[in-house]
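File shown: input-v4.pdb. Contents: PDB, C-alpha atoms.
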```
ATOM      1  CA  MET F   1     -68.578  24.832 -11.565
ATOM      2  CA  PRO F   2     -67.519  25.430 -15.227
ATOM      3  CA  SER F   3     -63.876  24.585 -14.458
ATOM      4  CA  LEU F   4     -64.651  21.400 -12.546
ATOM      5  CA  LYS F   5     -62.905  18.431 -14.151
ATOM      6  CA  HIS F   6     -64.181  14.863 -14.117
ATOM      7  CA  ALA F   7     -61.814  11.887 -13.997
ATOM      8  CA  ALA F   8     -62.977   8.277 -14.156
ATOM      9  CA  PRO F   9     -60.105   5.896 -13.301
ATOM     10  CA  ALA F  10     -60.535   2.199 -14.042
ATOM     11  CA  THR F  11     -58.660   1.003 -10.956
ATOM     12  CA  VAL F  12     -58.337   1.845  -7.276
ATOM     13  CA  GLU F  13     -54.651   2.508  -7.841
ATOM     14  CA  GLY F  14     -55.488   4.967 -10.597
ATOM     15  CA  ALA F  15     -57.896   6.789  -8.294
ATOM     16  CA  CYS F  16     -55.240   7.087  -5.602
ATOM     17  CA  SER F  17     -52.725   8.438  -8.103
ATOM     18  CA  LEU F  18     -55.175  11.169  -9.090
ATOM     19  CA  LEU F  19     -55.812  12.032  -5.447
ATOM     20  CA  ALA F  20     -52.065  12.240  -4.839
ATOM     21  CA  GLU F  21     -51.590  14.454  -7.897
ATOM     22  CA  HIS F  22     -54.323  16.945  -7.042
ATOM     23  CA  GLY F  23     -54.276  16.817  -3.220
ATOM     24  CA  ASP F  24     -56.919  18.922  -1.502
ATOM     25  CA  GLU F  25     -58.249  20.051  -4.875
ATOM     26  CA  ALA F  26     -59.637  16.557  -5.595
ATOM     27  CA  ALA F  27     -62.686  14.769  -4.209
ATOM     28  CA  VAL F  28     -63.878  11.179  -4.542
ATOM     29  CA  LEU F  29     -67.267  10.597  -6.146
ATOM     30  CA  SER F  30     -69.022   7.305  -5.412
ATOM     31  CA  GLY F  31     -72.689   7.963  -4.661
ATOM     32  CA  GLY F  32     -72.411  11.737  -4.703
ATOM     33  CA  GLN F  33     -75.424  12.326  -2.471
ATOM     34  CA  SER F  34     -73.465  14.661  -0.202
ATOM     35  CA  LEU F  35     -70.644  15.782  -2.482
ATOM     36  CA  VAL F  36     -72.797  17.047  -5.344
ATOM     37  CA  GLN F  37     -75.009  18.992  -2.961
ATOM     38  CA  GLU F  38     -71.983  20.617  -1.331
ATOM     39  CA  VAL F  39     -70.581  21.683  -4.690
ATOM     40  CA  ARG F  40     -73.920  23.091  -5.831
ATOM     41  CA  GLN F  41     -74.262  25.084  -2.622
ATOM     42  CA  HIS F  42     -70.645  26.269  -2.889
ATOM     43  CA  ALA F  43     -69.977  24.682   0.502
ATOM     44  CA  ALA F  44     -66.990  22.884  -0.994
ATOM     45  CA  SER F  45     -64.722  23.667  -3.914
ATOM     46  CA  PHE F  46     -62.677  21.185  -5.951
ATOM     47  CA  ASP F  47     -60.807  21.257  -9.231
ATOM     48  CA  VAL F  48     -61.177  17.537  -9.935
ATOM     49  CA  VAL F  49     -63.842  14.959  -9.120
ATOM     50  CA  VAL F  50     -62.417  11.448  -9.088
ATOM     51  CA  ASP F  51     -65.341   9.237 -10.083
ATOM     52  CA  ILE F  52     -64.741   5.661  -8.889
ATOM     53  CA  ASN F  53     -68.047   4.214 -10.138
ATOM     54  CA  GLY F  54     -66.362   2.598 -13.143
ATOM     55  CA  ILE F  55     -64.012   0.500 -11.033
ATOM     56  CA  GLU F  56     -65.066  -3.133 -11.322
ATOM     57  CA  ASN F  57     -65.698  -5.683  -8.565
ATOM     58  CA  GLN F  58     -66.180  -3.182  -5.756
ATOM     59  CA  SER F  59     -69.871  -3.808  -5.013
ATOM     60  CA  TYR F  60     -69.400  -6.956  -2.971
ATOM     61  CA  ILE F  61     -70.926  -7.981   0.351
ATOM     62  CA  GLU F  62     -69.073 -11.058   1.582
ATOM     63  CA  ARG F  63     -68.600 -13.118   4.695
ATOM     64  CA  ASP F  64     -64.973 -13.671   5.626
ATOM     65  CA  GLY F  65     -64.578 -15.666   8.834
ATOM     66  CA  ASP F  66     -66.165 -13.628  11.625
ATOM     67  CA  GLN F  67     -66.454 -10.451   9.535
ATOM     68  CA  LEU F  68     -68.725  -8.935   6.890
ATOM     69  CA  ARG F  69     -66.825  -7.176   4.104
ATOM     70  CA  PHE F  70     -68.364  -4.275   2.158
ATOM     71  CA  GLY F  71     -66.667  -3.016  -1.000
ATOM     72  CA  CYS F  72     -66.383   0.715  -1.646
ATOM     73  CA  LEU F  73     -69.261   0.769  -4.145
ATOM     74  CA  VAL F  74     -71.821  -1.074  -2.020
ATOM     75  CA  ARG F  75     -74.991   1.042  -1.916
ATOM     76  CA  HIS F  76     -77.092   1.576   1.181
ATOM     77  CA  ALA F  77     -79.911  -0.334  -0.504
ATOM     78  CA  ASP F  78     -77.617  -3.315  -1.084
ATOM     79  CA  ILE F  79     -77.010  -3.578   2.656
ATOM     80  CA  GLU F  80     -80.652  -2.912   3.488
ATOM     81  CA  HIS F  81     -81.864  -5.819   1.349
ATOM     82  CA  SER F  82     -79.001  -8.279   1.882
ATOM     83  CA  GLU F  83     -80.072 -11.585   3.444
ATOM     84  CA  LEU F  84     -76.486 -12.163   4.551
ATOM     85  CA  VAL F  85     -76.391  -8.849   6.454
ATOM     86  CA  ALA F  86     -79.838  -9.441   7.982
ATOM     87  CA  GLU F  87     -78.648 -12.760   9.374
ATOM     88  CA  ALA F  88     -75.121 -11.788  10.439
ATOM     89  CA  ASN F  89     -75.606  -8.255  11.776
ATOM     90  CA  PRO F  90     -79.172  -6.943  11.370
ATOM     91  CA  THR F  91     -78.318  -3.552  12.882
ATOM     92  CA  LEU F  92     -76.386  -2.720   9.727
ATOM     93  CA  ALA F  93     -79.451  -3.443   7.616
ATOM     94  CA  ASP F  94     -81.583  -1.331   9.969
ATOM     95  CA  ALA F  95     -79.217   1.633   9.769
ATOM     96  CA  ALA F  96     -78.776   1.443   5.998
ATOM     97  CA  GLY F  97     -82.529   1.153   5.500
ATOM     98  CA  SER F  98     -83.153   4.317   7.509
ATOM     99  CA  ILE F  99     -80.808   6.586   5.535
ATOM    100  CA  GLY F 100     -82.449   9.382   3.565
ATOM    101  CA  ASP F 101     -85.058   8.309   1.051
ATOM    102  CA  VAL F 102     -85.223   5.605  -1.608
ATOM    103  CA  GLN F 103     -83.239   7.642  -4.117
ATOM    104  CA  VAL F 104     -80.452   8.305  -1.616
ATOM    105  CA  ARG F 105     -80.296   4.657  -0.558
ATOM    106  CA  ASN F 106     -80.201   3.446  -4.144
ATOM    107  CA  ARG F 107     -77.311   5.719  -5.059
ATOM    108  CA  GLY F 108     -75.359   6.507  -1.889
ATOM    109  CA  THR F 109     -72.540   4.216  -0.773
ATOM    110  CA  PHE F 110     -71.840   3.156   2.801
ATOM    111  CA  CYS F 111     -68.068   3.609   2.421
ATOM    112  CA  GLY F 112     -68.611   7.039   0.905
ATOM    113  CA  ALA F 113     -70.778   8.109   3.820
ATOM    114  CA  VAL F 114     -68.137   6.874   6.259
ATOM    115  CA  ALA F 115     -65.469   8.924   4.474
ATOM    116  CA  GLN F 116     -67.709  11.986   4.139
ATOM    117  CA  ALA F 117     -67.877  12.161   7.962
ATOM    118  CA  GLU F 118     -71.164  14.035   8.125
ATOM    119  CA  PRO F 119     -71.580  14.714  11.901
ATOM    120  CA  ALA F 120     -75.228  13.642  11.833
ATOM    121  CA  GLY F 121     -74.720  10.756   9.416
ATOM    122  CA  ASP F 122     -75.833   7.249  10.313
ATOM    123  CA  PRO F 123     -72.849   5.176   9.031
ATOM    124  CA  PRO F 124     -70.253   6.975  11.222
ATOM    125  CA  THR F 125     -72.210   6.134  14.393
ATOM    126  CA  VAL F 126     -72.623   2.487  13.387
ATOM    127  CA  LEU F 127     -68.969   2.247  12.375
ATOM    128  CA  THR F 128     -67.894   3.504  15.806
ATOM    129  CA  LEU F 129     -70.351   1.269  17.672
ATOM    130  CA  PHE F 130     -68.919  -1.900  16.117
ATOM    131  CA  ASP F 131     -65.337  -0.609  15.961
ATOM    132  CA  ALA F 132     -65.291  -1.857  12.372
ATOM    133  CA  ASP F 133     -62.064  -2.125  10.417
ATOM    134  CA  VAL F 134     -61.697   0.634   7.826
ATOM    135  CA  VAL F 135     -59.458  -0.514   5.001
ATOM    136  CA  VAL F 136     -57.926   2.508   3.307
ATOM    137  CA  VAL F 137     -55.632   2.514   0.300
ATOM    138  CA  GLY F 138     -53.317   5.139  -1.134
ATOM    139  CA  THR F 139     -50.223   5.423  -3.274
ATOM    140  CA  GLY F 140     -48.196   4.056  -0.356
ATOM    141  CA  GLY F 141     -50.264   0.892  -0.093
ATOM    142  CA  GLU F 142     -53.064  -0.376   2.111
ATOM    143  CA  ARG F 143     -53.621   0.033   5.847
ATOM    144  CA  VAL F 144     -56.383  -0.752   8.327
ATOM    145  CA  VAL F 145     -57.764   1.879  10.707
ATOM    146  CA  SER F 146     -59.899   1.064  13.745
ATOM    147  CA  GLY F 147     -63.430   2.403  13.547
ATOM    148  CA  ARG F 148     -62.993   4.080  16.933
ATOM    149  CA  GLU F 149     -59.918   5.920  15.680
ATOM    150  CA  PHE F 150     -61.121   6.825  12.193
ATOM    151  CA  TYR F 151     -62.856  10.065  13.227
ATOM    152  CA  GLU F 152     -60.383  12.548  14.657
ATOM    153  CA  ALA F 153     -62.582  15.679  14.899
ATOM    154  CA  PRO F 154     -65.845  16.974  13.408
ATOM    155  CA  ARG F 155     -65.667  16.286   9.659
ATOM    156  CA  GLU F 156     -62.073  15.103   9.992
ATOM    157  CA  THR F 157     -60.939  11.510   9.459
ATOM    158  CA  ALA F 158     -57.698   9.555   9.468
ATOM    159  CA  LEU F 159     -57.677   9.530   5.645
ATOM    160  CA  ARG F 160     -54.597  11.008   3.998
ATOM    161  CA  PRO F 161     -54.969  13.190   0.893
ATOM    162  CA  ASP F 162     -54.122  10.326  -1.485
ATOM    163  CA  GLU F 163     -56.305   7.710   0.233
ATOM    164  CA  LEU F 164     -59.823   6.420  -0.143
ATOM    165  CA  VAL F 165     -61.896   3.927   1.825
ATOM    166  CA  ARG F 166     -61.644   0.669  -0.115
ATOM    167  CA  GLU F 167     -63.477  -1.661   2.241
ATOM    168  CA  LEU F 168     -65.309  -1.864   5.574
ATOM    169  CA  ARG F 169     -65.165  -4.956   7.786
ATOM    170  CA  PHE F 170     -67.916  -5.315  10.359
ATOM    171  CA  PRO F 171     -68.152  -8.068  12.970
ATOM    172  CA  ILE F 172     -70.598 -10.908  12.634
ATOM    173  CA  LEU F 173     -72.482 -11.017  15.916
ATOM    174  CA  GLY F 174     -72.101 -14.237  17.873
ATOM    175  CA  ASP F 175     -74.356 -16.033  20.328
ATOM    176  CA  GLY F 176     -75.551 -13.847  23.166
ATOM    177  CA  THR F 177     -74.746 -10.600  21.380
ATOM    178  CA  GLY F 178     -77.307  -8.076  20.225
ATOM    179  CA  ALA F 179     -77.162  -4.565  18.855
ATOM    180  CA  ALA F 180     -79.508  -1.829  17.679
ATOM    181  CA  TYR F 181     -79.535   1.660  16.212
ATOM    182  CA  GLU F 182     -82.255   4.205  16.944
ATOM    183  CA  LYS F 183     -82.665   7.811  15.861
ATOM    184  CA  TRP F 184     -85.127  10.676  15.807
ATOM    185  CA  THR F 185     -85.527  12.790  12.685
ATOM    186  CA  PRO F 186     -87.696  15.905  12.298
ATOM    187  CA  ALA F 187     -88.925  14.771   8.869
ATOM    188  CA  GLU F 188     -88.639  11.768   6.592
ATOM    189  CA  GLY F 189     -85.349  11.714   4.760
ATOM    190  CA  SER F 190     -83.657  14.307   6.952
ATOM    191  CA  TYR F 191     -80.591  13.882   9.127
ATOM    192  CA  PRO F 192     -81.272  12.787  12.720
ATOM    193  CA  VAL F 193     -81.332  15.238  15.604
ATOM    194  CA  ALA F 194     -80.331  12.479  18.007
ATOM    195  CA  ALA F 195     -79.153   8.914  17.384
ATOM    196  CA  VAL F 196     -77.869   6.125  19.607
ATOM    197  CA  GLY F 197     -76.275   2.777  18.866
ATOM    198  CA  ALA F 198     -76.241   0.052  21.519
ATOM    199  CA  LEU F 199     -74.449  -3.282  21.780
ATOM    200  CA  VAL F 200     -74.943  -5.825  24.559
ATOM    201  CA  GLU F 201     -73.216  -9.146  25.208
ATOM    202  CA  LEU F 202     -74.815 -11.637  27.599
ATOM    203  CA  GLU F 203     -73.331 -14.582  29.443
ATOM    204  CA  GLU F 204     -75.826 -16.712  31.379
ATOM    205  CA  GLY F 205     -78.258 -13.809  31.473
ATOM    206  CA  THR F 206     -75.748 -11.259  32.760
ATOM    207  CA  VAL F 207     -74.224  -8.413  30.756
ATOM    208  CA  SER F 208     -70.550  -9.166  30.105
ATOM    209  CA  ASP F 209     -69.987  -6.171  27.828
ATOM    210  CA  ALA F 210     -71.979  -3.153  26.695
ATOM    211  CA  ARG F 211     -71.430  -0.198  24.384
ATOM    212  CA  LEU F 212     -73.373   2.982  23.746
ATOM    213  CA  VAL F 213     -72.520   5.524  21.052
ATOM    214  CA  THR F 214     -74.365   8.746  20.265
ATOM    215  CA  GLY F 215     -74.637  10.400  16.877
ATOM    216  CA  ALA F 216     -75.738  13.838  15.636
ATOM    217  CA  LEU F 217     -75.282  15.419  19.058
ATOM    218  CA  GLU F 218     -71.639  16.354  19.515
ATOM    219  CA  GLY F 219     -70.082  16.899  16.111
ATOM    220  CA  GLY F 220     -69.633  13.210  15.380
ATOM    221  CA  PRO F 221     -70.018   9.720  16.835
ATOM    222  CA  THR F 222     -69.322   9.787  20.566
ATOM    223  CA  PRO F 223     -68.824   6.667  22.729
ATOM    224  CA  MET F 224     -70.552   6.877  26.117
ATOM    225  CA  PRO F 225     -68.637   4.364  28.277
ATOM    226  CA  GLY F 226     -69.887   5.809  31.549
ATOM    227  CA  ALA F 227     -73.493   5.085  30.658
ATOM    228  CA  ALA F 228     -72.710   1.586  29.363
ATOM    229  CA  ALA F 229     -70.536   0.605  32.336
ATOM    230  CA  GLY F 230     -73.495   0.492  34.709
ATOM    231  CA  LEU F 231     -74.955  -2.435  32.782
ATOM    232  CA  VAL F 232     -71.903  -4.690  32.980
ATOM    233  CA  GLY F 233     -72.124  -7.436  35.578
ATOM    234  CA  GLU F 234     -75.865  -6.948  35.983
ATOM    235  CA  GLU F 235     -78.984  -8.558  34.622
ATOM    236  CA  PRO F 236     -80.300  -6.244  31.877
ATOM    237  CA  THR F 237     -83.617  -5.432  33.510
ATOM    238  CA  ASP F 238     -85.906  -2.672  32.335
ATOM    239  CA  ASP F 239     -84.819  -0.595  35.329
ATOM    240  CA  SER F 240     -81.107  -1.007  34.614
ATOM    241  CA  ARG F 241     -81.633  -0.113  30.962
ATOM    242  CA  THR F 242     -83.613   2.959  31.986
ATOM    243  CA  VAL F 243     -80.822   4.078  34.314
ATOM    244  CA  ALA F 244     -78.192   3.597  31.603
ATOM    245  CA  ALA F 245     -80.286   5.568  29.121
ATOM    246  CA  ARG F 246     -80.853   8.366  31.618
ATOM    247  CA  THR F 247     -77.132   8.480  32.384
ATOM    248  CA  LEU F 248     -76.367   8.787  28.689
ATOM    249  CA  GLY F 249     -78.753  11.717  28.380
ATOM    250  CA  GLU F 250     -77.201  13.442  31.383
ATOM    251  CA  ASN F 251     -73.653  12.934  30.084
ATOM    252  CA  ALA F 252     -74.334  13.995  26.512
ATOM    253  CA  GLU F 253     -73.242  17.479  25.502
ATOM    254  CA  PRO F 254     -75.362  18.407  22.484
ATOM    255  CA  GLU F 255     -75.193  21.826  20.881
ATOM    256  CA  ALA F 256     -78.333  23.964  20.839
ATOM    257  CA  ASP F 257     -79.483  25.049  17.377
ATOM    258  CA  PHE F 258     -82.661  25.623  15.378
ATOM    259  CA  GLU F 259     -83.599  21.958  15.871
ATOM    260  CA  GLY F 260     -83.759  22.187  19.649
ATOM    261  CA  SER F 261     -82.227  23.133  22.959
ATOM    262  CA  THR F 262     -79.569  21.121  24.751
ATOM    263  CA  GLU F 263     -82.219  19.888  27.191
ATOM    264  CA  PHE F 264     -84.487  18.735  24.368
ATOM    265  CA  LYS F 265     -81.678  16.885  22.608
ATOM    266  CA  SER F 266     -80.499  15.262  25.833
ATOM    267  CA  GLU F 267     -84.015  13.965  26.486
ATOM    268  CA  LEU F 268     -84.199  12.668  22.927
ATOM    269  CA  ALA F 269     -80.856  10.925  23.348
ATOM    270  CA  ALA F 270     -82.045   9.224  26.539
ATOM    271  CA  THR F 271     -85.198   8.024  24.789
ATOM    272  CA  MET F 272     -83.256   6.718  21.793
ATOM    273  CA  ALA F 273     -80.796   4.985  24.134
ATOM    274  CA  LYS F 274     -83.595   3.185  25.969
ATOM    275  CA  ASP F 275     -85.155   2.038  22.691
ATOM    276  CA  ALA F 276     -81.797   0.860  21.361
ATOM    277  CA  LEU F 277     -80.959  -1.003  24.573
ATOM    278  CA  ASP F 278     -84.367  -2.686  24.621
ATOM    279  CA  THR F 279     -83.868  -4.006  21.099
ATOM    280  CA  ALA F 280     -80.218  -4.961  21.670
ATOM    281  CA  VAL F 281     -81.087  -6.979  24.787
ATOM    282  CA  GLU F 282     -84.002  -8.658  23.028
ATOM    283  CA  ARG F 283     -81.719  -9.684  20.171
ATOM    284  CA  ALA F 284     -79.003 -10.863  22.550
ATOM    285  CA  ARG F 285     -81.467 -13.057  24.434
ATOM    286  CA  GLY F 286     -82.785 -14.473  21.180
ATOM    287  CA  ALA F 287     -79.241 -15.321  20.084
ATOM    288  CA  GLU F 288     -78.219 -17.078  23.318
TER     289      GLU F 288
END
```
Any chance you could put this one into structure tokens?
Amino acid sequence: MPSLKHAAPATVEGACSLLAEHGDEAAVLSGGQSLVQEVRQHAASFDVVVDINGIENQSYIERDGDQLRFGCLVRHADIEHSELVAEANPTLADAAGSIGDVQVRNRGTFCGAVAQAEPAGDPPTVLTLFDADVVVVGTGGERVVSGREFYEAPRETALRPDELVRELRFPILGDGTGAAYEKWTPAEGSYPVAAVGALVELEEGTVSDARLVTGALEGGPTPMPGAAAGLVGEEPTDDSRTVAARTLGENAEPEADFEGSTEFKSELAATMAKDALDTAVERARGAE
């Protein structure tokens, strides 16, 4: 690392100019919880680290109509402890509060974790579940990418070399809508082995829409529409939720590794799906 250069632009535009100048040899530093570790382990190599922590007015959490807006320097802990987030979309607070340990949550940024695209990371799964708007900015200006389209392959995003994630826009959940995020980790502070996000919308006690998304199983967040479809048009009974969770486990295609076999991970996914659906339905009923 002796040749690693540090740049600290004062503006988002300045950061983008540096990214455009150095291309693949530059990396954005916000929280650094993943980036610094990768550099130390020689898992990634960069000539320039573009440190955006000095850019002002980027740590905001705001309500804008039917959306929550997170600036690029909002820390996980900010989301975890925000009364606005707890009221408008408590699943975001749950997910942020479960990331790593206290030190990671106090330093890591939600936008940074989204851009880092760690396959087992929590923010990518939540982003996909809510199909949040990802506001990216580069030397060519600003554009908005759908959360469902942001991840193109394992560890690959829609970001161009000169772009960074400037803002995330999550929906504020309305009446009759509930969501939840559940995961299983082998130890406190570690990445999950299996994670599932669930969203349920109710109209007069019947499911009008449902979503299920897995994380940590298949190289990135993976929507499971087949499992969710069985809930739509039905009353969300314990039996119907159990069937949906079992279907998710059967349809998941996890990779076997030192953390478990495919069968073990599929069972975990089914269990996490049932827990997430139970909480999502409970919240939806409470919001009706």
Can you list, as a PyMOL selection string, the residues that the PyMOL selection byres ((chain F and resi 6) around 10) selects here? chain F and resi 3-5+7-9+26+29+47-51
d(atom CA of F:Tyr60, atom CA of F:Gly140) in Å: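 Computed distance, atom CA of F:Tyr60 to atom CA of F:Gly140, equals 24.0 Å.
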Correct to one decimal, the distance atom CA of F:Ala256-atom CA of F:Gln33 is 26.2 Å
Go through the shown structure with the PyMOL selection byres ((chain F and resi 246) around 12) and write out the matching residues as a PyMOL selection string. chain F and resi 224+226-228+230+239-245+247-252+266-275+277
Listed atoms of stretch 12-30 of chain F boxed axis-aligned with 4 Å per side, centre + edges as lines of an AutoDock Vina configuration file:
```
center_x = -60.3
center_y = 10.9
center_z = -6.0
size_x = 25.4
size_y = 26.2
size_z = 17.1
```
Closest atom pairs, stretch 101-143 of chain F residues within 10 Å of stretch 203-212 of chain F, all atoms listed in the file, as JSON lines:
```
{"residue": "F:Thr125", "atom": "CA", "partner": "F:Leu212", "partner_atom": "CA", "distance": 9.9}
{"residue": "F:Thr128", "atom": "CA", "partner": "F:Leu212", "partner_atom": "CA", "distance": 9.7}
{"residue": "F:Leu129", "atom": "CA", "partner": "F:Arg211", "partner_atom": "CA", "distance": 7.0}
{"residue": "F:Phe130", "atom": "CA", "partner": "F:Arg211", "partner_atom": "CA", "distance": 8.8}
```
Based on the selection just made, write C-alpha atoms of those residues as a PDB file, keeping the file's coordinate frame.
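Written output follows (result-v9.pdb):
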```
ATOM      1  CA  THR F 125     -72.210   6.134  14.393  1.00  0.00           C
ATOM      2  CA  THR F 128     -67.894   3.504  15.806  1.00  0.00           C
ATOM      3  CA  LEU F 129     -70.351   1.269  17.672  1.00  0.00           C
ATOM      4  CA  PHE F 130     -68.919  -1.900  16.117  1.00  0.00           C
TER       5      PHE F 130
END
```
Residue among F:Pro119, F:Arg283, F:Ile55, F:Ala93 lying closest to F:Glu152, counting only C-alpha atoms: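 Of F:Pro119, F:Arg283, F:Ile55, F:Ala93, the one nearest F:Glu152, counting only C-alpha atoms, is F:Pro119.
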